[in-house]
Structure formats: C-alpha cells, structure tokens
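Undergrad: Have a look at this one before I ask anything.
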2 protein chains.
Amino acid sequence: MGPLDGYLPYLLNRAGARIATAFSEEVRPLGATLQTWRVLAALHERDGRRMGDLSETTSIEVSTLTRLVDGMEKKALVARRRDAADARAVTLHATPAGRRLTQRLLPIAERYEAVSLRGFEAREAEALKVALRRLYANMDALEKPRRQRG
Amino acid sequence: MGPLDGYLPYLLNRAGARIATAFSEEVRPLGATLQTWRVLAALHERDGRRMGDLSETTSIEVSTLTRLVDGMEKKALVARRRDAADARAVTLHATPAGRRLTQRLLPIAERYEAVSLRGFEAREAEALKVALRRLYANMDALEKPRRQRG
DNA sequence: TCAATTTATTTGTAAATGCAAATAATTACA
DNA sequence: TGTAATTATTTGCATTTACAAATAAATTGA
C-alpha cells in the first residue's frame with residue numbers, strides 16, 4: 001500500500017470513478033448516460049429547478065449542462081420553461097417520458113447503493129455519508145470568496 | 001435534505017468533484033492540470049509504471065492517458081521507454097522537470113488533504129479512508145467477469 | 001428614471017474524453 | 001515450430017467538456 005492509498009482525494013476519486021464507470025455501462029442500453037441520470041434524479045427530487053441550481057446539484061458545469069439539456073430536450077425527456085418570477089432564469093421539467101426513464105433508472109441506482117455498501121453496518125454507512133457531507137462542506141474554506149451579497 | 005443527500009454515489013461524486021475543481025484551479029498557474037498531477041503522483045509513488053498500470057491507478061482511461069502522456073512528454077515532464085521484459089508494454093518515467101513539478105504539487109495536495117479533513121479526528125479520517133477502500137473493493141462484484149487466466 | 005452593475009443562461013471554440021478499431025508483441029498449444 | 005488467441009498500446013473519430021465571451025434580464029443607487 002503506497003502513499004496514494006492514504007491520500008483522501010485519491011481514494012475519493014477512485015471509488016467515485018469506479019462506480020460511475022460501471023453505472024454508465026449499465027444504463028447505456030437504456031439510452032441513458034450518467035449525466036442524464038444526474039439531471040433526472042435532481043428533477044425527481046424537485047422538479048422545475050433552474051439551470052444554475054441543477055448545475056450545483058449535479059456538479060455539472062453550467063455550460064456543459066446547457067448542451068446536455070439541449071440533448072435531453074430533443075429526446076423529450078425534459079422541457080425548459082422561462083421562469084415566471086425571473087425572466088433571466090430557465091426552469092427544467094421532466095416530461096412523462098423523462099419520468100418513465102427515471103423510474104427505470106431508480107432501481108439500478110438503488111442496486112449500486114446496495115452493492116457499494118455491501119458488508120457495511122447501517123451505522124457505518126451512515127457515518128460514511130456524514131463524513132462525505134463534511135468533506136464537501138469543508139471545501140467552503142478554499143472557495144473563491146465571492147463578494148458578499150446583502 | 002432530499003433523497004439525493006442520502007444517496008452514496010451522489011455524495012461521493014459531489015465531494016470528489018468539488019475537491020477536483022478547486023485543485024484544478026489552484027494548479028493551473030503552475031502549468032499543471034489535475035490529470036497531470038495524477039500521473040506524476042502515481043510515478044512518484046513508483047516510477048517506471050506501465051501505461052495500463054497508470055490507467056488503473058489514476059482512473060484515467062488508457063486511450064485518454066496515451067494522449068495525456070503525449071502532452072506531458074512534449075513538456076518533458078515524463079519519458080516513455082519500451083519495457084525491456086515485454087516489448088508490448090511501455091513504461092513511463094518522470095524526468096527531472098517532472099520531479100520538480102511533483103515537488104511543487106505535493107504541498108498543495110497535502111493542503112487539500114488537510115483542508116478537506118479539517119475537524120476530523122485522526123480515527124474518523126482513518127475510518128473514512130478504510131470505508132472508501134471497501135467501497136472500491138465492493139465494486140468487484142459488478143465488474144464484467146473477465147475470463148479467468150491461469 | 002436611467003446608467004452601471006450584477007445575475008442567469010447560452011454560445012464560441014479549443015481541448016479532453018471514450019469507444020471501437022488498428023497495430024504490435026507475447027503466449028498457448030496443436 | 002508456427003498459427004491462433006491474448007495482451008498492451010495507440011489511433012480514428014464523434015462526443016463531451018470547460019473556459020471565456022456574449023446575451024439578456026433584474027437590481028442598485030445617483
């Protein structure tokens with residue numbers, strides 16, 4: 001076990017990449033990709049999100065997301081609407097076809113959760129999730145300090 | 001906190017992506033990218049690795065790695081050598097310039113480790129790393145079963 | 001109120017990515 | 001020993017990605 005095995009970002013990337021690659025292969029026959037799943041999952045959690053919100057939630061860069069959504073719109077999985085409250089913003093909505101695809105992807109996603117956590121006690125799994133949320137939050141410290149608003 | 005916050009692959013990707021993005025920005029002024037760092041770190045751990053080994057270690061797909069290494073070779077950070085023992089294989093070696101860049105990146109990487117784990121007890125951090133190694137290993141179960149050799 | 005600034009999204013463009021096919025060398029075994 | 005199968009890497013090519021600039025709308029404050 002070399003130094004890399006003790007380096008957290010390495011372990012994080014490695015585990016994430018492996019799950020991502022396997023999941024991608026698995027959903028390809030359904031005409032889906034990992035990125036479309038991320039968008040659909042975010043809309044399943046809350047439909048009508050803005051592009052910027054989706055970008056933050058899915059960790060997909062906004063300009064990439066724009067073109068990804070273009071493709072999903074062409075496939076009629078989602079629909080863009082101009083936000084009524086703020087005409088700069090666009091909200092994204094799952095269509096019936098999008099929801100059907102989501103329903104097919106959900107059990108696959110659940111299986112990945114189960115397989116990856118195989119052998120974990122419930123409290124170990126929960127501790128891991130708590131730790132991952134802390135990691136994420138800790139990165140605030142390095143974020144480009146944005147001008148305070150308000 | 002919606003369903004996504006309880007979904008492990010989501011938490012994993014989100015934390016990994018955030019660290020990756022911040023690290024990328026930070027090393028850009030040094031003429032480095034996250035991917036070149038991954039290659040250099042793998043060679044720092046063990047020089048003279050094969051392309052396939054590097055691909056597995058860095059989670060960079062082999063054909064992508066080939067072209068990444070092309071670029072690093074042009075920048076004289078690494079050098080390819082035909083493996084003496086097996087002429088199909090290519091081994092990669094850090095050059096003096098590559099090692100100098102590695103030395104400049106190491107403290108940044110250490111800082112990312114420290115910042116991301118801020119507030120973690122030593123044993124919590126270790127438990128997290130153990131868990132991430134288990135996750136990775138658990139994915140064996142879903143791997144395309146390759147024909148047994150031997 | 002209106003000009004300047006900020007915010008949300010899209011577009012331009014070059015680089016990175018990944019699958020599949022091609023190339024090259026080794027190994028297995030008839 | 002020589003031919004088929006396997007393994008390691010690279011190349012072809014279409015897609016994805018991300019930075020920067022452009023566009024469009026809202027907000028701020030003189």
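A note on labels: chains of the structure tokens are A, B, ... as shown, every chain counts residues from 1, and ligands are counted from 1 in their shown order.
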Chain D residues within 8 Å of chain B, counting only C-alpha atoms (C1' of nucleotides): which ones, as a ChimeraX atom specification?

TA: /D:8-10

Undergrad: Dump as a CSV table (one decimal) with N, CA, C and O atoms, in the first residue's frame the residues of chain A that approach chain B to within 9 Å, counting only C-alpha atoms.

TA:
chain,number,residue,atom,x,y,z
A,2,GLY,N,0.9,1.9,-1.1
A,2,GLY,CA,1.7,3.1,-1.3
A,2,GLY,C,1.1,4.4,-0.7
A,2,GLY,O,0.0,4.3,-0.1
A,3,PRO,N,1.8,5.5,-0.8
A,3,PRO,CA,1.3,6.7,-0.2
A,3,PRO,C,-0.1,7.1,-0.8
A,3,PRO,O,-0.9,7.7,-0.1
A,4,LEU,N,-0.3,6.8,-2.1
A,4,LEU,CA,-1.6,7.1,-2.7
A,4,LEU,C,-2.8,6.6,-1.9
A,4,LEU,O,-3.8,7.2,-1.8
A,5,ASP,N,-2.6,5.4,-1.4
A,5,ASP,CA,-3.7,4.7,-0.6
A,5,ASP,C,-4.1,5.4,0.7
A,5,ASP,O,-5.0,5.1,1.3
A,6,GLY,N,-3.2,6.3,1.1
A,6,GLY,CA,-3.5,7.1,2.3
A,6,GLY,C,-4.0,8.5,1.9
A,6,GLY,O,-4.3,9.3,2.8
A,7,TYR,N,-4.1,8.8,0.6
A,7,TYR,CA,-4.4,10.2,0.2
A,7,TYR,C,-5.9,10.2,-0.1
A,7,TYR,O,-6.4,9.6,-1.0
A,8,LEU,N,-6.6,11.0,0.7
A,8,LEU,CA,-8.0,11.0,0.6
A,8,LEU,C,-8.6,11.4,-0.8
A,8,LEU,O,-9.5,10.7,-1.3
A,9,PRO,N,-8.1,12.5,-1.4
A,9,PRO,CA,-8.7,12.8,-2.7
A,9,PRO,C,-8.5,11.7,-3.7
A,9,PRO,O,-9.4,11.4,-4.6
A,10,TYR,N,-7.4,10.9,-3.6
A,10,TYR,CA,-7.2,9.8,-4.5
A,10,TYR,C,-8.3,8.7,-4.2
A,10,TYR,O,-8.9,8.2,-5.2
A,11,LEU,N,-8.5,8.4,-3.0
A,11,LEU,CA,-9.4,7.3,-2.6
A,11,LEU,C,-10.9,7.7,-3.0
A,11,LEU,O,-11.6,6.9,-3.5
A,12,LEU,N,-11.1,9.0,-2.9
A,12,LEU,CA,-12.5,9.5,-3.2
A,12,LEU,C,-12.7,9.4,-4.7
A,12,LEU,O,-13.7,8.9,-5.2
A,13,ASN,N,-11.7,9.9,-5.5
A,13,ASN,CA,-11.8,9.8,-6.9
A,13,ASN,C,-11.9,8.4,-7.5
A,13,ASN,O,-12.7,8.1,-8.3
A,14,ARG,N,-11.1,7.6,-6.9
A,14,ARG,CA,-11.0,6.2,-7.4
A,14,ARG,C,-12.3,5.5,-7.2
A,14,ARG,O,-12.9,4.8,-8.0
A,15,ALA,N,-12.9,5.6,-5.9
A,15,ALA,CA,-14.2,5.0,-5.7
A,15,ALA,C,-15.3,5.6,-6.5
A,15,ALA,O,-16.1,4.8,-7.1
A,16,GLY,N,-15.3,6.9,-6.6
A,16,GLY,CA,-16.3,7.6,-7.4
A,16,GLY,C,-16.2,7.2,-8.9
A,16,GLY,O,-17.3,6.9,-9.5
A,17,ALA,N,-15.0,7.1,-9.4
A,17,ALA,CA,-14.8,6.8,-10.8
A,17,ALA,C,-15.3,5.4,-11.1
A,17,ALA,O,-15.9,5.1,-12.2
A,18,ARG,N,-15.0,4.5,-10.2
A,18,ARG,CA,-15.3,3.1,-10.5
A,18,ARG,C,-16.8,2.9,-10.5
A,18,ARG,O,-17.4,2.2,-11.3
A,19,ILE,N,-17.5,3.5,-9.5
A,19,ILE,CA,-19.0,3.4,-9.5
A,19,ILE,C,-19.5,4.1,-10.8
A,19,ILE,O,-20.4,3.5,-11.4
A,20,ALA,N,-19.0,5.2,-11.1
A,20,ALA,CA,-19.5,6.0,-12.2
A,20,ALA,C,-19.4,5.2,-13.5
A,20,ALA,O,-20.3,5.1,-14.3
A,22,ALA,N,-19.0,1.9,-14.0
A,22,ALA,CA,-19.9,0.7,-14.0
A,22,ALA,C,-21.4,1.1,-14.3
A,22,ALA,O,-22.1,0.5,-15.1
A,38,ARG,N,-28.1,12.0,-13.6
A,38,ARG,CA,-28.0,13.0,-12.6
A,38,ARG,C,-29.0,14.1,-12.7
A,38,ARG,O,-29.6,14.6,-11.7
A,41,ALA,N,-32.4,12.6,-11.8
A,41,ALA,CA,-32.5,12.4,-10.3
A,41,ALA,C,-32.7,13.7,-9.6
A,41,ALA,O,-33.5,13.8,-8.6
A,42,ALA,N,-32.1,14.7,-10.0
A,42,ALA,CA,-32.2,16.1,-9.4
A,42,ALA,C,-33.7,16.6,-9.6
A,42,ALA,O,-34.3,17.2,-8.7
A,45,GLU,N,-36.1,14.7,-7.4
A,45,GLU,CA,-36.1,15.2,-6.1
A,45,GLU,C,-36.9,16.5,-6.0
A,45,GLU,O,-37.7,16.7,-5.1
A,46,ARG,N,-36.7,17.3,-7.0
A,46,ARG,CA,-37.5,18.6,-7.1
A,46,ARG,C,-37.6,19.0,-8.5
A,46,ARG,O,-36.6,19.4,-9.1
A,57,THR,N,-26.3,21.1,-8.1
A,57,THR,CA,-26.8,19.9,-7.5
A,57,THR,C,-26.1,18.7,-8.2
A,57,THR,O,-25.7,17.7,-7.6
A,58,THR,N,-25.9,18.8,-9.5
A,58,THR,CA,-25.3,17.6,-10.3
A,58,THR,C,-23.8,17.7,-10.4
A,58,THR,O,-23.2,16.8,-10.9
A,59,SER,N,-23.2,18.8,-10.0
A,59,SER,CA,-21.8,19.1,-10.2
A,59,SER,C,-21.4,19.1,-11.7
A,59,SER,O,-20.3,18.7,-12.0
A,109,ALA,N,-30.0,2.5,-9.7
A,109,ALA,CA,-29.3,3.3,-8.7
A,109,ALA,C,-29.3,2.7,-7.3
A,109,ALA,O,-28.3,2.7,-6.6
A,110,GLU,N,-30.5,2.2,-6.9
A,110,GLU,CA,-30.6,1.6,-5.6
A,110,GLU,C,-29.7,0.4,-5.5
A,110,GLU,O,-29.1,0.1,-4.4
A,112,TYR,N,-26.9,0.0,-7.0
A,112,TYR,CA,-25.5,0.4,-6.8
A,112,TYR,C,-25.2,0.9,-5.4
A,112,TYR,O,-24.1,0.6,-4.9
A,113,GLU,N,-26.1,1.5,-4.8
A,113,GLU,CA,-26.0,1.9,-3.4
A,113,GLU,C,-25.8,0.6,-2.6
A,113,GLU,O,-24.9,0.6,-1.7
A,115,VAL,N,-24.8,-2.5,-3.5
A,115,VAL,CA,-23.6,-3.2,-3.8
A,115,VAL,C,-22.4,-2.5,-3.2
A,115,VAL,O,-21.5,-3.1,-2.6
A,116,SER,N,-22.4,-1.2,-3.4
A,116,SER,CA,-21.2,-0.5,-2.9
A,116,SER,C,-21.1,-0.5,-1.4
A,116,SER,O,-20.0,-0.5,-0.9
A,117,LEU,N,-22.2,-0.6,-0.8
A,117,LEU,CA,-22.2,-0.6,0.7
A,117,LEU,C,-22.3,-2.0,1.3
A,117,LEU,O,-22.5,-2.2,2.5
A,118,ARG,N,-22.2,-3.0,0.5
A,118,ARG,CA,-22.3,-4.4,0.9
A,118,ARG,C,-21.2,-4.6,2.1
A,118,ARG,O,-20.1,-4.2,2.0
A,119,GLY,N,-21.7,-5.2,3.1
A,119,GLY,CA,-20.8,-5.5,4.2
A,119,GLY,C,-20.7,-4.4,5.2
A,119,GLY,O,-20.1,-4.5,6.3
A,120,PHE,N,-21.3,-3.2,4.9
A,120,PHE,CA,-21.3,-2.1,5.9
A,120,PHE,C,-22.5,-2.3,6.9
A,120,PHE,O,-23.6,-2.6,6.5
A,124,GLU,N,-22.2,2.3,10.1
A,124,GLU,CA,-21.0,2.6,9.3
A,124,GLU,C,-21.3,3.3,8.0
A,124,GLU,O,-20.7,4.3,7.7
A,125,ALA,N,-22.4,2.9,7.4
A,125,ALA,CA,-22.8,3.5,6.1
A,125,ALA,C,-23.2,5.0,6.4
A,125,ALA,O,-22.9,5.9,5.7
A,126,GLU,N,-23.9,5.1,7.5
A,126,GLU,CA,-24.4,6.5,7.9
A,126,GLU,C,-23.2,7.4,8.2
A,126,GLU,O,-23.1,8.5,7.8
A,127,ALA,N,-22.2,6.8,8.9
A,127,ALA,CA,-21.0,7.6,9.3
A,127,ALA,C,-20.3,8.0,8.0
A,127,ALA,O,-19.8,9.1,7.9
A,128,LEU,N,-20.2,7.1,7.0
A,128,LEU,CA,-19.6,7.4,5.8
A,128,LEU,C,-20.3,8.6,5.1
A,128,LEU,O,-19.6,9.6,4.6
A,129,LYS,N,-21.6,8.6,5.1
A,129,LYS,CA,-22.3,9.6,4.4
A,129,LYS,C,-22.1,11.0,5.2
A,129,LYS,O,-22.0,12.0,4.5
A,131,ALA,N,-19.6,11.8,6.8
A,131,ALA,CA,-18.2,12.2,6.6
A,131,ALA,C,-18.1,12.9,5.2
A,131,ALA,O,-17.4,13.9,5.0
A,132,LEU,N,-18.8,12.3,4.2
A,132,LEU,CA,-18.7,12.9,2.8
A,132,LEU,C,-19.4,14.2,2.8
A,132,LEU,O,-19.0,15.1,2.1
A,133,ARG,N,-20.5,14.4,3.6
A,133,ARG,CA,-21.1,15.8,3.6
A,133,ARG,C,-20.1,16.8,4.3
A,133,ARG,O,-20.1,17.9,3.9
A,134,ARG,N,-19.4,16.3,5.3
A,134,ARG,CA,-18.4,17.2,6.0
A,134,ARG,C,-17.3,17.5,5.0
A,134,ARG,O,-16.9,18.7,5.0
A,135,LEU,N,-16.8,16.6,4.3
A,135,LEU,CA,-15.8,16.9,3.3
A,135,LEU,C,-16.2,18.0,2.4
A,135,LEU,O,-15.5,19.0,2.1
A,136,TYR,N,-17.4,17.8,1.9
A,136,TYR,CA,-17.9,18.8,0.9
A,136,TYR,C,-18.0,20.2,1.6
A,136,TYR,O,-17.6,21.1,1.0
A,137,ALA,N,-18.6,20.2,2.8
A,137,ALA,CA,-18.7,21.5,3.5
A,137,ALA,C,-17.4,22.1,3.8
A,137,ALA,O,-17.2,23.3,3.7
A,138,ASN,N,-16.4,21.3,4.1
A,138,ASN,CA,-15.0,21.8,4.4
A,138,ASN,C,-14.4,22.5,3.3
A,138,ASN,O,-13.6,23.4,3.5
A,139,MET,N,-14.8,22.2,2.1
A,139,MET,CA,-14.2,22.9,0.9
A,139,MET,C,-14.6,24.3,0.8
A,139,MET,O,-14.0,25.1,0.1
A,141,ALA,N,-13.9,26.5,2.8
A,141,ALA,CA,-12.7,27.2,3.2
A,141,ALA,C,-11.8,27.6,2.0
A,141,ALA,O,-11.2,28.7,2.1
A,142,LEU,N,-11.9,26.9,1.0
A,142,LEU,CA,-11.0,27.2,-0.2
A,142,LEU,C,-11.7,27.9,-1.3
A,142,LEU,O,-11.1,28.3,-2.3
A,143,GLU,N,-13.0,28.0,-1.2
A,143,GLU,CA,-13.8,28.6,-2.3
A,143,GLU,C,-13.3,30.0,-2.5
A,143,GLU,O,-13.0,30.7,-1.5
A,144,LYS,N,-13.3,30.4,-3.8
A,144,LYS,CA,-13.0,31.8,-4.1
A,144,LYS,C,-14.0,32.6,-3.3
A,144,LYS,O,-15.2,32.5,-3.5

Undergrad: What is the distance, in Å and to one decimal place, between atom C1' of C:DA14 and atom C1' of D:DA24?

TA: 25.7 Å

Undergrad: Rounded to one decimal in Å, what is the spacing between atom CA of B:Lys75 and atom C1' of C:DT23?

TA: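 Distance between the two atoms: 26.1 Å.
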
Undergrad: Would you give me, as a PyMOL selection string, the residues of chain C that come within 7 Å of chain B, using only C-alpha atoms (C1' of nucleotides)?

TA: chain C and resi 17+24-25

Undergrad: Could you save the residues just selected, with N, CA, C and O atoms (P, O5', C5', C4', C3', O3' and C1' of nucleotides), as a PDB file, in the first residue's frame?

TA:
ATOM      1  P    DT C  17      -9.534  14.534 -19.693  1.00  0.00           P
ATOM      2  O5'  DT C  17     -10.549  13.642 -20.523  1.00  0.00           O
ATOM      3  C5'  DT C  17     -11.949  13.894 -20.385  1.00  0.00           C
ATOM      4  C4'  DT C  17     -12.721  12.943 -21.260  1.00  0.00           C
ATOM      5  C3'  DT C  17     -12.315  11.480 -21.116  1.00  0.00           C
ATOM      6  O3'  DT C  17     -13.359  10.804 -20.456  1.00  0.00           O
ATOM      7  C1'  DT C  17     -12.710  12.103 -23.390  1.00  0.00           C
ATOM      8  P    DA C  24       2.479  -1.837 -36.720  1.00  0.00           P
ATOM      9  O5'  DA C  24       2.946  -2.566 -35.390  1.00  0.00           O
ATOM     10  C5'  DA C  24       3.061  -1.823 -34.187  1.00  0.00           C
ATOM     11  C4'  DA C  24       3.309  -2.783 -33.058  1.00  0.00           C
ATOM     12  C3'  DA C  24       4.232  -3.942 -33.420  1.00  0.00           C
ATOM     13  O3'  DA C  24       5.225  -4.032 -32.423  1.00  0.00           O
ATOM     14  C1'  DA C  24       2.287  -4.741 -32.389  1.00  0.00           C
ATOM     15  P    DA C  25       6.498  -4.993 -32.647  1.00  0.00           P
ATOM     16  O5'  DA C  25       6.342  -5.990 -31.408  1.00  0.00           O
ATOM     17  C5'  DA C  25       6.259  -5.434 -30.099  1.00  0.00           C
ATOM     18  C4'  DA C  25       5.731  -6.497 -29.176  1.00  0.00           C
ATOM     19  C3'  DA C  25       6.520  -7.804 -29.204  1.00  0.00           C
ATOM     20  O3'  DA C  25       6.940  -8.087 -27.888  1.00  0.00           O
ATOM     21  C1'  DA C  25       4.196  -8.213 -29.411  1.00  0.00           C
TER      22       DA C  25
END

Undergrad: Can you tell me, as a ChimeraX atom specification, which residues in chain A count as alpha helix (DSSP H) by DSSP?

TA: /A:8-27,34-45,51-58,62-74,96-116,122-138

Undergrad: Please return as a list in words: the residues of stretch 2-83 of chain A that backbone DSSP assigns to strand (DSSP E or B).

TA: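 Selection result, strand (DSSP E or B) within stretch 2-83 of chain A: Arg49, Arg50, Val78, Ala79, Arg80, Arg81 and Arg82 of chain A.
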
Undergrad: Show which residues sit within 10 Å of D:DC13, as a list of chain:residue names. Count only C-alpha atoms (C1' of nucleotides), and ignore same-chain residues fewer than 2 positions away.

TA: C:DC19, C:DA20, D:DT11, D:DT15

Undergrad: Can you write just those residues out, N, CA, C and O atoms (P, O5', C5', C4', C3', O3' and C1' of nucleotides), as a PDB file, in the first residue's frame?

TA:
ATOM      1  P    DC C  19     -16.275   4.214 -22.610  1.00  0.00           P
ATOM      2  O5'  DC C  19     -16.642   3.338 -23.903  1.00  0.00           O
ATOM      3  C5'  DC C  19     -17.732   3.726 -24.724  1.00  0.00           C
ATOM      4  C4'  DC C  19     -17.365   3.538 -26.176  1.00  0.00           C
ATOM      5  C3'  DC C  19     -16.982   2.105 -26.544  1.00  0.00           C
ATOM      6  O3'  DC C  19     -17.937   1.625 -27.475  1.00  0.00           O
ATOM      7  C1'  DC C  19     -15.494   3.699 -27.520  1.00  0.00           C
ATOM      8  P    DA C  20     -17.908   0.065 -27.905  1.00  0.00           P
ATOM      9  O5'  DA C  20     -17.073   0.079 -29.258  1.00  0.00           O
ATOM     10  C5'  DA C  20     -17.361   1.075 -30.238  1.00  0.00           C
ATOM     11  C4'  DA C  20     -16.386   0.947 -31.381  1.00  0.00           C
ATOM     12  C3'  DA C  20     -15.962  -0.485 -31.697  1.00  0.00           C
ATOM     13  O3'  DA C  20     -15.914  -0.626 -33.103  1.00  0.00           O
ATOM     14  C1'  DA C  20     -14.050   0.816 -31.243  1.00  0.00           C
TER      15       DA C  20
ATOM     16  P    DT D  11      -0.193   6.778 -32.057  1.00  0.00           P
ATOM     17  O5'  DT D  11      -1.564   6.560 -32.852  1.00  0.00           O
ATOM     18  C5'  DT D  11      -1.668   5.494 -33.792  1.00  0.00           C
ATOM     19  C4'  DT D  11      -3.061   5.504 -34.402  1.00  0.00           C
ATOM     20  C3'  DT D  11      -3.594   6.892 -34.799  1.00  0.00           C
ATOM     21  O3'  DT D  11      -4.192   6.744 -36.068  1.00  0.00           O
ATOM     22  C1'  DT D  11      -5.129   5.824 -33.393  1.00  0.00           C
ATOM     23  P    DT D  15     -21.631  12.242 -32.799  1.00  0.00           P
ATOM     24  O5'  DT D  15     -21.308  12.481 -31.249  1.00  0.00           O
ATOM     25  C5'  DT D  15     -21.069  11.342 -30.418  1.00  0.00           C
ATOM     26  C4'  DT D  15     -20.524  11.811 -29.095  1.00  0.00           C
ATOM     27  C3'  DT D  15     -21.329  12.945 -28.451  1.00  0.00           C
ATOM     28  O3'  DT D  15     -21.713  12.469 -27.167  1.00  0.00           O
ATOM     29  C1'  DT D  15     -18.995  13.413 -28.415  1.00  0.00           C
TER      30       DT D  15
END

Undergrad: Take atom CA of A:Leu77 and atom C1' of C:DT13 and report the distance between them in Å, one decimal.

TA: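 Computing it gives 27.9 Å between the two atoms.
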
Undergrad: Counting only C-alpha atoms (C1' of nucleotides), what is within 12 Å of C:DC29, bar same-chain residues fewer than 2 positions away, as a PyMOL selection string?

TA: (chain C and resi 27) or (chain D and resi 1-5)

Undergrad: Go ahead and write the selection's residues with N, CA, C and O atoms (P, O5', C5', C4', C3', O3' and C1' of nucleotides) as a CSV table (one decimal), in the first residue's frame.

TA:
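Here's the written file result.csv:
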chain,number,residue,atom,x,y,z
C,27,DT,P,5.6,-13.8,-22.9
C,27,DT,O5',4.3,-14.8,-23.2
C,27,DT,C5',3.0,-14.4,-22.8
C,27,DT,C4',2.0,-15.4,-23.2
C,27,DT,C3',2.4,-16.8,-22.8
C,27,DT,O3',1.2,-17.4,-22.3
C,27,DT,C1',1.8,-16.7,-25.1
D,1,DT,P,11.7,-24.5,-33.4
D,1,DT,O5',10.6,-25.3,-34.2
D,1,DT,C5',10.7,-25.5,-35.6
D,1,DT,C4',9.3,-25.2,-36.1
D,1,DT,C3',9.0,-23.7,-36.4
D,1,DT,O3',8.0,-23.6,-37.4
D,1,DT,C1',7.5,-24.5,-34.8
D,2,DG,P,8.2,-22.7,-38.7
D,2,DG,O5',6.7,-22.4,-39.0
D,2,DG,C5',5.7,-23.5,-39.1
D,2,DG,C4',4.4,-23.0,-38.5
D,2,DG,C3',4.1,-21.5,-38.7
D,2,DG,O3',2.7,-21.4,-38.8
D,2,DG,C1',4.1,-21.9,-36.5
D,3,DT,P,1.9,-21.1,-40.2
D,3,DT,O5',0.4,-21.0,-39.8
D,3,DT,C5',-0.2,-22.1,-39.1
D,3,DT,C4',-1.1,-21.6,-38.0
D,3,DT,C3',-1.8,-20.2,-38.1
D,3,DT,O3',-3.1,-20.4,-37.7
D,3,DT,C1',-0.6,-20.3,-36.1
D,4,DA,P,-4.2,-19.4,-38.0
D,4,DA,O5',-5.0,-19.4,-36.6
D,4,DA,C5',-5.2,-20.6,-35.9
D,4,DA,C4',-5.5,-20.4,-34.5
D,4,DA,C3',-6.5,-19.2,-34.3
D,4,DA,O3',-7.4,-19.5,-33.3
D,4,DA,C1',-4.5,-18.7,-33.2
D,5,DA,P,-8.5,-18.5,-32.8
D,5,DA,O5',-7.9,-18.0,-31.4
D,5,DA,C5',-7.6,-18.9,-30.4
D,5,DA,C4',-7.0,-18.2,-29.2
D,5,DA,C3',-7.8,-17.0,-28.7
D,5,DA,O3',-7.9,-17.1,-27.3
D,5,DA,C1',-5.6,-16.3,-29.2

Undergrad: Show me, as a VMD selection string, the residues that have an atom within 8 Å of stretch 104-106 of chain B when counting only C-alpha atoms (C1' of nucleotides), minus same-chain residues fewer than 4 positions from it.

TA: chain B and resid 27 37 100 110

Undergrad: Would you please work out which residue, of A:Glu121, A:Leu92, A:Ser24, A:Pro107, is nearest to A:Asp70 when using only C-alpha atoms?

TA: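 Checking each of A:Glu121, A:Leu92, A:Ser24, A:Pro107 against A:Asp70, counting only C-alpha atoms, the winner is A:Leu92.
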